[in-house]
Structure formats: C-alpha cells, structure tokens
Amino acid sequence: MSGVSLPKRLMVFALVALLALAPSVLLVQAAEEPIVIGVAVAQTSNVALFGQEQVIGAQIAEEFFNERGGINGRPFRLAFADTGGDEAGAINAFQTLINRENVVGILGPTLSQHAFAADPIADQAGVPVIAPSNTARGIPQIGRFIFRVSAPVSLVAPSAVKQALKMNPDIKRVAVFYAQNDAFSVSETGTFQQTVKDLGLELLDVQTFQTTDTDFTTQITNVLPLEPQLVIISGLAADSGNLVRQLRELGYKGMIVGGNGLNTTNIFPVCQALCDGILVAQAYSYQYDSEINNAFREIYKAKQGKEPPQFSAQAFTGIQVFVEALSRLDKRKPLKDMDLVTLRAELRDEIMNGKYDTPLGPISFVETTKDDGTPAGGEIVQERFYVAQIKMDPDGKTGRFVFLD
Amino acid sequence: MEGFLSTYGSAIVQMALAGVLALSLYLPLMAGQLSLASPGFYAVGGYVAALLSTRVFTGFPNGSYPILLIALEMVVAGGVSALFALIIGIPSLRLRGVYLALATIAFVEVLRVFALNQPWLGGAVGIYNIPQPFFSATRVEYLLLALPLLLVSTLFVARLERSRIGRAFVALREDELAASAMGIRPTYYKVLAFTIGAVLAGMTGALNAHILNTWNPRQGTFDLAILILAYVLVGGSRTFLGPVIGGAFLVALPEIILREVADAPGLHPAIATFLRDGRLILFGVLIAVSVFFFPYGLVTPNLFKRRRKTNVPRLEAAKAAPKVSRG
C-alpha cells in the first residue's frame, strides 16, 4: 500500500513535526502551573538601551533559578510588558501585568520618573514591586509595596571619596566642579559636598559649568592657586572629559573623583591618556568574587560575549529577591493554599524580612516611612560598593575600568 | 468587561485626552497655521496642576482629593496657558508655514529646558505624589473628568466651525490675502485660534498630571507634538470629528487593539510575539499606510455630504425651476 497521496503525506509529516516540537509545551502544562513574575521595563523608546540590559539580566535569572528547582520545585515564568518611554506606557504595562497576567510581583520600571506614575497603581492593588534601576529620592516612600535594589546616588557616591582617602591619607584640600544644568549632577554634587564635610576635609571652592561647555580655563584658574589635593567632578561624559583634560594640561597633579557621568568609556576619546587615574564609584562590579556573581558573570559572558553591566546585574538581583522570598514563604505557608491577594501581601512582608546574597553583594531591606510617618516600602541596604579606577593604555586611545579592593 | 476596564482603564482615559489634544492642534490648523506648540501648553497646564495640588491645596488624604479642586486647577491651567499663548502668539504668528512650526518647536524646547533647570519644578525628576481623587488602581474613574472635557471641547469646536469666527478661520486657511481683503483681521483670528487651542491643551495637561500622579520635563516634548500631528492627519484635518477619532484610534491601536489581537486564541505564537513586541513597528506602518490611502484623513466632510446627497437634487431642482419657467 504505497498509495498514500501527497497531501496526506504532508499532513503526516506536519503531525510528526508538531509532535516532535510539542513535548516541551505539553510537559510544562502537565506540571504545576508556573508562578508568574512580571517584568515591566522599557523595551522600546530611547530608554530601551537600559531596558534591554535589564531584560537580559531578568532572563538569565529565569533560566538560572528554574534550573536550580524554581520555587521549591515549582517553576516560575516571567511575563514581560513593555513600558515604552513614557509614564502612560508604564501605567498600561503595570495594569496589564496585574490584571491580565495575574503576577505575584513586578520588576520595574526602568526610570524613576516612570516609577512615580506606575508604582502607586501597584501599591494600591497590593502588588510588590522591585525597582531594578530607580535611583531618585523618594522611590520606596511611594508605598508599602515598593522596594528597590538600586542604591541611590547618596549611598554610592561617597565611597569614591573614601577610596581616594584610602589611597592618599594626606588629602585635606578638596575642590568641587559640577554641571549646573544637569539635574542628576546637581543632586550628586550635593552628596559629594556633604561627604567632604562629613569626612572633615576642607572644601576650598565650588565651581559650576554647563554640560555644553568646552572651555573650562576660567574655572580651573580660579581653583588651581588654592592648591587642591582632590578634585571631584559631577557632569556628563563630554564636558567632564574636557574638564579633566584641561585640568591636567594646566598642571593639576592631584587625584580626581568622578561622578556617575564619568562612569562610561565614552570619556576615553575626550581626555585620552589624561583620563588615567580617575576614580568612579559603582553599585556593581563584575569582578566581585562570590559564587552567585561568578555564575551570573559566566552565563552573561557566554550569551553576550562581554562583561555584565550594572543594569543586568540589578535586574538579575531583583528576580533573585522575588524567587528567594517566594521559596521561603512557600516553606512557611504553601503558596498553592493562598489566593493571589493574600500571596501578594505575604510576599511583601517576606521580601522585607529577608537577606539575600546577590551579584551586588549581600543585601537586605530597611522599611522606610512616608512624610506623615506611615510605613512605606523597602530601601536597599547594600553592604559594599565598588570603586573603579580608569587605566588608559599607553597609546591613549583605549582604556578600561579597573575595580579596586 | 470588568477585566477589560481594569486592564485598559488608563488607556481608555488617554484616548479621550488624545482627542482633546488633537483638537488643540486642529484649531490653529483650521486657521491655516501649523503650530506644534500644543505640548508646550500641555506641559504648562500639568505643572500648574502639580504645583497647585502639592503646594497650595494640601492636607487631603490620598484618594479623597476633591474633584472640584481638579476642575479649578484645570480652569487655572487653561487661563495660564491662554496668557502664554497671547504672549507667544502675537509675535510668532507673523511667521507662516514651516517657520511658525519651527518657532513653536523652539517654544516647546525652551519650556522643557527651563523646567529641567528649576529646582522649584523638581528638575529632571519633576513633581511627584500628586494627590488622587479616587482610591483606585485602575484609573478608569478619571473618565468622569476626561469624558466631559472631551465632550465639551468637541461640542465647542463643532459649534465654532459653524459660527462666524469658524468661517473666518477657514477663510484664512484657504486664502489669507483674499480673507483680509474681505475685512477679516488675520492676526486677530490666528491668535484667537492659537489661544483656544492652548486652553484645551493646558486643561488636558492639568488633568493628566493627576492621572499620571507625577509631572516632569519629559511631559509634552517634541515627540508628543509629532504624535498629536499624527492624530490630526490620520483622523482628518477638515472636520472637528477627525482629530477626536484620530486621537482615540491612534492611542487605542498600540495599547489596546494590537495587544488584544496578540492575545486572540489560536494565533501562532510567533505572530502573537511579533504583535506584542513589534506593535510600534505596526503602528508606524499603519500611519504611513493610512496617510497614503486616506490623504485627507479617515474622517472627511465628504462622508457627511454623501449621505445628504439624496436631498440635494430636489433642492437644486427647486432652485432651478423659476429659471426654466422664465425661459
């Protein structure tokens, strides 16, 4: 009987192909329904550069922790919703995740501004949110259900100054430069100046510039006669790079601490060999040696072919916090016995009370309060920060950030 | 239905607001002026509401901010926007066509940079924790405010189109020289159209500040100007219904329609994923296609004329009758 017609043969072929592909789908359905964790970050728009790194970090976490048994043997899955680049998009993404995907918690959004719009919605719905990259003041204070794993500037920045003191304990005289027209730089320099006072150093002078400036000779000639031993700069990449170059060209020999704007290789072409030695503080170092960070770094490098950036590490950390808190909760009170509303509320308390060994180092949360004294969300307590020093290659064209201990 | 409302509550409210914003750009366009200033007034309105509700009318616990105060903020925002519009409109409306568009883009940009550098406006982070009138996670209650705003402004523009002022706008659009020869003061009517548009945009901004719960310099930028222009061009720029429908449609398209289609049962996973992740690509393609096939927008005055066609021959016949009898 070889008379099977061609269409039928095709159908059989299609059936076989389907059966070959299907088991992965069928198996998941046969097992226990996975727990859903939402991820609402900017996958499109001009914020997507950060958002994409966060997606990668979260996906690595999904794979990594599911391989290690998920939540006490029960798998979890991530539901992604794109916030786009505006507040309305963030609100829509949160509402989709909460009402349609029935998530137990949400990782996101990418920008602090979006958090101020979308987080109140999750808070009112009683859904825990972990912010992977919101560093503005007032984020955990939005509501009881809001957490962040991204340390604010006010915590990260001082460690660079402390590192400078460690490298040269004789430093006493400090000068500060900042970009007056950049909101982030203005708030950062406030932290730096406070740190200088707290450490008992002498603040010689504060000079301002614009992010669009290219000539800084006036500011520099004002400062150099005061003989500073440490210069602290808060600005964006291009202006800060030029400022560093002109400082060195005009004869400054002391140490330089840069803010977050200098935390990029984009300054290398600007100050070239003169970039050498700048200290920058960060919330994450891929060189941090721990079991979990080494595992994360390895997977990331295998997938992306480069060292993991801070945004991916923080997103990974956010998912890790959810997974570990859910696992602990499950042992105390089985998750399957709880309805979604109770589960979300219990998860919130469990996140707050835990300690986590993450790629960022050991972290935990401290409960904050709103202005009126009512309890609010969890601020990160990060035990260590990382200071990198720029090392330029002899040709002055290429260089790298070297993390210091 | 309840699930639909709780999922898309905010998007539905934004549909209504997009209609009002589109009308605010449609008004100057009625008078033949391509002004991209609407986002600027929208931003001003938002800041007015944000400042008033967080600094002046304080002391209301969350979820119980009086709706009347929001209405008051909207009126103030409209007034401030009108003032701005007069100051900016009188000199800049001497410019025409692309030069006016450029001047209004500059205005939007100046406002953005100004807001970015003012500590009392919160700088880049902006003003947050704007009090909420409803204790709800869906935001759908805001339709109580957004729908009346849309209805009143649509009715207003509909009546305006049929009034003497509206006809003056259209006369200016069709031929400024001829219109001024007939005694229509171009500057007066242009500034009037520009100012009414500014009031609508300002009121929308004030309302949206509460809906978004936060306001910052990224609100009402050049991107929004292009989006509003798309609402008007896709909807139709020759009748008031065009912008309203265009705005609602273009907001619903990426946020509701494409998401719903992606979730339709039986769809191939690859297509569903593309619909979800590539919805902005589809959005762009659909705008391009609609402009290509409907160069005058989806809603044109002809749509209504065609329906009345059956009556027209009889009227014409009646008019023509005396002539025939005389001959």
# chains A, B, ... in the order shown; residues from 1 in each chain; ligands from 1
call {"tool": "interface_residues", "arguments": {"of": "chain A", "to": "chain B", "cutoff": "6 Å", "atoms": "only C-alpha atoms", "output": "list in words"}}
result
Gln95, Thr96, Asn99, Gln113, Phe116, Ala117, Ile121, Gln124, Ala125, Asn181 and Ala183 of chain A
call {"tool": "residues_around", "arguments": {"residues": "range 326-337 of chain A", "least_positions_apart": "3", "cutoff": "8 Å", "atoms": "only C-alpha atoms", "output": "PDB file with C-alpha atoms, in the first residue's frame"}}
result
ATOM      1  CA  ILE A  71      10.395  27.884  43.845  1.00  0.00           C
ATOM      2  CA  ASN A  72      10.861  24.678  45.870  1.00  0.00           C
ATOM      3  CA  PHE A 322      11.434  37.505  44.343  1.00  0.00           C
ATOM      4  CA  VAL A 323      12.426  33.852  43.928  1.00  0.00           C
ATOM      5  CA  LEU A 343       0.027  35.730  48.399  1.00  0.00           C
ATOM      6  CA  GLU A 346       2.556  37.861  52.368  1.00  0.00           C
ATOM      7  CA  LEU A 347       5.255  38.146  49.709  1.00  0.00           C
ATOM      8  CA  GLU A 350       8.703  38.160  53.227  1.00  0.00           C
TER       9      GLU A 350
END
call {"tool": "closest_residue", "arguments": {"among": "A:Ile37, A:Ala325, A:Ala315, A:Ala376", "to": "Ile56 in chain A", "atoms": "only C-alpha atoms"}}
result
A:Ala315
call {"tool": "residues_around", "arguments": {"residues": "Gly73 in chain A", "least_positions_apart": "4", "cutoff": "10 Å", "atoms": "only C-alpha atoms", "output": "list in words"}}
result
Glu32, Asn66, Glu67, Arg68, Gly69 and Ser327 of chain A
call {"tool": "write_last_selection", "arguments": {"atoms": "C-alpha atoms", "output": "JSON list (two decimals), in the first residue's frame"}}
result
[["chain", "number", "residue", "atom", "x", "y", "z"],
["A", 32, "GLU", "CA", 2.16, 22.53, 38.21],
["A", 66, "ASN", "CA", 14.44, 27.46, 37.23],
["A", 67, "GLU", "CA", 17.36, 25.11, 36.58],
["A", 68, "ARG", "CA", 18.05, 25.16, 40.30],
["A", 69, "GLY", "CA", 14.49, 23.99, 41.01],
["A", 327, "SER", "CA", 10.69, 29.97, 48.33]]
call {"tool": "residues_around", "arguments": {"residues": "Val176 in chain A", "least_positions_apart": "6", "cutoff": "6 Å", "atoms": "only C-alpha atoms", "output": "PyMOL selection string"}}
result
chain A and resi 206+231-232
call {"tool": "residues_around", "arguments": {"residues": "Ser312 in chain A", "least_positions_apart": "6", "cutoff": "6 Å", "atoms": "only C-alpha atoms", "output": "list in words"}}
result
Glu53, Gln54 and Gly57 of chain A
call {"tool": "atom_distance", "arguments": {"atom1": "CA of Gly45 in chain B", "atom2": "CA of Ile70 in chain B"}}
result
11.7 Å
call {"tool": "select_by_dssp", "arguments": {"residues": "range 201-293 of chain A", "states": "strand (DSSP E or B)", "output": "number ranges by chain"}}
result
A: 202-209, 230-234, 255-258, 279-282
call {"tool": "write_last_selection", "arguments": {"atoms": "N, CA and C atoms", "output": "mmCIF file, in the first residue's frame"}}
result
data_model
loop_
_atom_site.group_PDB
_atom_site.id
_atom_site.type_symbol
_atom_site.label_atom_id
_atom_site.label_comp_id
_atom_site.auth_asym_id
_atom_site.auth_seq_id
_atom_site.Cartn_x
_atom_site.Cartn_y
_atom_site.Cartn_z
ATOM 1 N N GLU A 202 38.638 69.880 53.874
ATOM 2 C CA GLU A 202 38.408 71.301 53.659
ATOM 3 C C GLU A 202 37.898 71.524 52.236
ATOM 4 N N LEU A 203 36.677 72.079 52.120
ATOM 5 C CA LEU A 203 36.107 72.352 50.805
ATOM 6 C C LEU A 203 36.579 73.731 50.361
ATOM 7 N N LEU A 204 37.579 73.750 49.438
ATOM 8 C CA LEU A 204 38.208 75.015 49.048
ATOM 9 C C LEU A 204 37.282 75.884 48.220
ATOM 10 N N ASP A 205 36.650 75.270 47.232
ATOM 11 C CA ASP A 205 35.893 76.065 46.269
ATOM 12 C C ASP A 205 34.918 75.163 45.523
ATOM 13 N N VAL A 206 33.777 75.737 45.114
ATOM 14 C CA VAL A 206 32.819 75.011 44.281
ATOM 15 C C VAL A 206 32.654 75.783 42.983
ATOM 16 N N GLN A 207 32.972 75.161 41.878
ATOM 17 C CA GLN A 207 32.874 75.818 40.568
ATOM 18 C C GLN A 207 31.766 75.160 39.744
ATOM 19 N N THR A 208 31.025 75.975 38.976
ATOM 20 C CA THR A 208 29.961 75.416 38.152
ATOM 21 C C THR A 208 30.299 75.552 36.672
ATOM 22 N N PHE A 209 29.721 74.675 35.876
ATOM 23 C CA PHE A 209 29.840 74.795 34.417
ATOM 24 C C PHE A 209 28.559 74.289 33.790
ATOM 25 N N LEU A 230 42.485 67.087 45.893
ATOM 26 C CA LEU A 230 41.463 66.210 45.317
ATOM 27 C C LEU A 230 40.442 67.080 44.598
ATOM 28 N N VAL A 231 40.089 66.672 43.356
ATOM 29 C CA VAL A 231 39.057 67.380 42.608
ATOM 30 C C VAL A 231 37.894 66.407 42.371
ATOM 31 N N ILE A 232 36.673 66.844 42.658
ATOM 32 C CA ILE A 232 35.500 65.989 42.459
ATOM 33 C C ILE A 232 34.630 66.595 41.363
ATOM 34 N N ILE A 233 34.278 65.803 40.364
ATOM 35 C CA ILE A 233 33.547 66.316 39.204
ATOM 36 C C ILE A 233 32.206 65.604 39.054
ATOM 37 N N SER A 234 31.121 66.395 38.933
ATOM 38 C CA SER A 234 29.809 65.831 38.585
ATOM 39 C C SER A 234 29.352 66.487 37.294
ATOM 40 N N MET A 255 44.517 63.949 42.795
ATOM 41 C CA MET A 255 43.583 62.897 42.409
ATOM 42 C C MET A 255 42.278 63.503 41.894
ATOM 43 N N ILE A 256 41.562 62.706 41.069
ATOM 44 C CA ILE A 256 40.264 63.138 40.544
ATOM 45 C C ILE A 256 39.228 62.058 40.841
ATOM 46 N N VAL A 257 38.107 62.472 41.445
ATOM 47 C CA VAL A 257 36.977 61.566 41.630
ATOM 48 C C VAL A 257 35.855 62.027 40.703
ATOM 49 N N GLY A 258 35.313 61.103 39.941
ATOM 50 C CA GLY A 258 34.240 61.451 39.019
ATOM 51 C C GLY A 258 32.914 60.900 39.490
ATOM 52 N N LEU A 279 38.823 58.136 39.624
ATOM 53 C CA LEU A 279 38.109 57.160 40.453
ATOM 54 C C LEU A 279 36.602 57.347 40.284
ATOM 55 N N VAL A 280 35.877 56.237 40.050
ATOM 56 C CA VAL A 280 34.424 56.303 39.913
ATOM 57 C C VAL A 280 33.800 55.194 40.757
ATOM 58 N N ALA A 281 32.758 55.547 41.522
ATOM 59 C CA ALA A 281 32.093 54.546 42.359
ATOM 60 C C ALA A 281 30.920 53.927 41.619
ATOM 61 N N GLN A 282 30.670 52.640 41.864
ATOM 62 C CA GLN A 282 29.572 51.942 41.212
ATOM 63 C C GLN A 282 28.868 51.026 42.199
#
call {"tool": "decode", "arguments": {"residues": "range 152-190 of chain A", "atoms": "N, CA and C atoms", "output": "JSON list (two decimals), in the first residue's frame"}}
result
[["chain", "number", "residue", "atom", "x", "y", "z"],
["A", 152, "PRO", "N", 20.61, 54.47, 45.87],
["A", 152, "PRO", "CA", 20.59, 55.85, 45.40],
["A", 152, "PRO", "C", 21.98, 56.47, 45.38],
["A", 153, "VAL", "N", 22.12, 57.55, 44.60],
["A", 153, "VAL", "CA", 23.41, 58.24, 44.47],
["A", 153, "VAL", "C", 24.01, 58.56, 45.82],
["A", 154, "SER", "N", 23.13, 58.94, 46.77],
["A", 154, "SER", "CA", 23.62, 59.42, 48.05],
["A", 154, "SER", "C", 24.38, 58.33, 48.81],
["A", 155, "LEU", "N", 24.15, 57.06, 48.45],
["A", 155, "LEU", "CA", 24.87, 55.98, 49.10],
["A", 155, "LEU", "C", 26.11, 55.57, 48.32],
["A", 156, "VAL", "N", 26.02, 55.62, 46.97],
["A", 156, "VAL", "CA", 27.12, 55.12, 46.14],
["A", 156, "VAL", "C", 28.27, 56.12, 46.10],
["A", 157, "ALA", "N", 27.94, 57.40, 45.85],
["A", 157, "ALA", "CA", 28.96, 58.39, 45.57],
["A", 157, "ALA", "C", 30.05, 58.52, 46.64],
["A", 158, "PRO", "N", 29.68, 58.53, 47.94],
["A", 158, "PRO", "CA", 30.73, 58.77, 48.95],
["A", 158, "PRO", "C", 31.86, 57.75, 48.92],
["A", 159, "SER", "N", 31.58, 56.52, 48.45],
["A", 159, "SER", "CA", 32.63, 55.50, 48.54],
["A", 159, "SER", "C", 33.84, 55.85, 47.67],
["A", 160, "ALA", "N", 33.63, 56.62, 46.59],
["A", 160, "ALA", "CA", 34.77, 57.00, 45.75],
["A", 160, "ALA", "C", 35.69, 57.95, 46.51],
["A", 161, "VAL", "N", 35.09, 58.88, 47.27],
["A", 161, "VAL", "CA", 35.90, 59.82, 48.05],
["A", 161, "VAL", "C", 36.68, 59.07, 49.12],
["A", 162, "LYS", "N", 35.98, 58.10, 49.77],
["A", 162, "LYS", "CA", 36.66, 57.32, 50.80],
["A", 162, "LYS", "C", 37.83, 56.53, 50.22],
["A", 163, "GLN", "N", 37.64, 56.02, 48.99],
["A", 163, "GLN", "CA", 38.70, 55.27, 48.33],
["A", 163, "GLN", "C", 39.91, 56.18, 48.08],
["A", 164, "ALA", "N", 39.64, 57.43, 47.65],
["A", 164, "ALA", "CA", 40.73, 58.38, 47.39],
["A", 164, "ALA", "C", 41.52, 58.61, 48.67],
["A", 165, "LEU", "N", 40.79, 58.73, 49.79],
["A", 165, "LEU", "CA", 41.47, 58.95, 51.07],
["A", 165, "LEU", "C", 42.30, 57.74, 51.47],
["A", 166, "LYS", "N", 41.76, 56.56, 51.13],
["A", 166, "LYS", "CA", 42.49, 55.33, 51.45],
["A", 166, "LYS", "C", 43.81, 55.30, 50.68],
["A", 167, "MET", "N", 43.75, 55.76, 49.39],
["A", 167, "MET", "CA", 44.95, 55.71, 48.56],
["A", 167, "MET", "C", 45.93, 56.80, 48.93],
["A", 168, "ASN", "N", 45.41, 57.94, 49.43],
["A", 168, "ASN", "CA", 46.30, 59.02, 49.84],
["A", 168, "ASN", "C", 45.72, 59.67, 51.10],
["A", 169, "PRO", "N", 46.13, 59.18, 52.29],
["A", 169, "PRO", "CA", 45.54, 59.67, 53.55],
["A", 169, "PRO", "C", 45.87, 61.13, 53.83],
["A", 170, "ASP", "N", 46.81, 61.73, 53.09],
["A", 170, "ASP", "CA", 47.19, 63.11, 53.35],
["A", 170, "ASP", "C", 46.21, 64.13, 52.77],
["A", 171, "ILE", "N", 45.23, 63.64, 51.99],
["A", 171, "ILE", "CA", 44.32, 64.59, 51.33],
["A", 171, "ILE", "C", 43.54, 65.39, 52.36],
["A", 172, "LYS", "N", 43.60, 66.72, 52.23],
["A", 172, "LYS", "CA", 42.84, 67.60, 53.10],
["A", 172, "LYS", "C", 42.04, 68.62, 52.29],
["A", 173, "ARG", "N", 42.66, 69.06, 51.17],
["A", 173, "ARG", "CA", 42.10, 70.21, 50.45],
["A", 173, "ARG", "C", 41.36, 69.72, 49.19],
["A", 174, "VAL", "N", 40.05, 70.03, 49.13],
["A", 174, "VAL", "CA", 39.21, 69.49, 48.07],
["A", 174, "VAL", "C", 38.52, 70.61, 47.28],
["A", 175, "ALA", "N", 38.48, 70.47, 45.96],
["A", 175, "ALA", "CA", 37.72, 71.41, 45.13],
["A", 175, "ALA", "C", 36.64, 70.62, 44.38],
["A", 176, "VAL", "N", 35.47, 71.24, 44.19],
["A", 176, "VAL", "CA", 34.34, 70.54, 43.56],
["A", 176, "VAL", "C", 33.90, 71.28, 42.31],
["A", 177, "PHE", "N", 33.66, 70.55, 41.24],
["A", 177, "PHE", "CA", 33.11, 71.10, 39.99],
["A", 177, "PHE", "C", 31.80, 70.37, 39.71],
["A", 178, "TYR", "N", 30.79, 71.11, 39.22],
["A", 178, "TYR", "CA", 29.58, 70.39, 38.79],
["A", 178, "TYR", "C", 28.86, 71.11, 37.67],
["A", 179, "ALA", "N", 28.11, 70.32, 36.88],
["A", 179, "ALA", "CA", 27.32, 70.86, 35.77],
["A", 179, "ALA", "C", 26.01, 71.38, 36.34],
["A", 180, "GLN", "N", 25.84, 72.69, 36.21],
["A", 180, "GLN", "CA", 24.73, 73.37, 36.84],
["A", 180, "GLN", "C", 23.39, 73.02, 36.18],
["A", 181, "ASN", "N", 23.45, 72.66, 34.89],
["A", 181, "ASN", "CA", 22.19, 72.49, 34.14],
["A", 181, "ASN", "C", 21.77, 71.04, 34.01],
["A", 182, "ASP", "N", 22.40, 70.16, 34.80],
["A", 182, "ASP", "CA", 22.01, 68.75, 34.74],
["A", 182, "ASP", "C", 21.50, 68.33, 36.12],
["A", 183, "ALA", "N", 20.22, 67.90, 36.16],
["A", 183, "ALA", "CA", 19.58, 67.63, 37.44],
["A", 183, "ALA", "C", 20.35, 66.59, 38.24],
["A", 184, "PHE", "N", 20.78, 65.53, 37.55],
["A", 184, "PHE", "CA", 21.47, 64.46, 38.24],
["A", 184, "PHE", "C", 22.77, 64.97, 38.86],
["A", 185, "SER", "N", 23.52, 65.78, 38.09],
["A", 185, "SER", "CA", 24.79, 66.30, 38.59],
["A", 185, "SER", "C", 24.58, 67.21, 39.79],
["A", 186, "VAL", "N", 23.51, 67.99, 39.74],
["A", 186, "VAL", "CA", 23.24, 68.91, 40.85],
["A", 186, "VAL", "C", 22.98, 68.13, 42.13],
["A", 187, "SER", "N", 22.19, 67.06, 42.04],
["A", 187, "SER", "CA", 21.92, 66.30, 43.26],
["A", 187, "SER", "C", 23.15, 65.51, 43.68],
["A", 188, "GLU", "N", 23.93, 65.05, 42.69],
["A", 188, "GLU", "CA", 25.13, 64.28, 43.03],
["A", 188, "GLU", "C", 26.16, 65.13, 43.75],
["A", 189, "THR", "N", 26.34, 66.37, 43.26],
["A", 189, "THR", "CA", 27.35, 67.21, 43.89],
["A", 189, "THR", "C", 26.95, 67.55, 45.32],
["A", 190, "GLY", "N", 25.65, 67.62, 45.58],
["A", 190, "GLY", "CA", 25.19, 67.84, 46.95],
["A", 190, "GLY", "C", 25.71, 66.73, 47.86]]
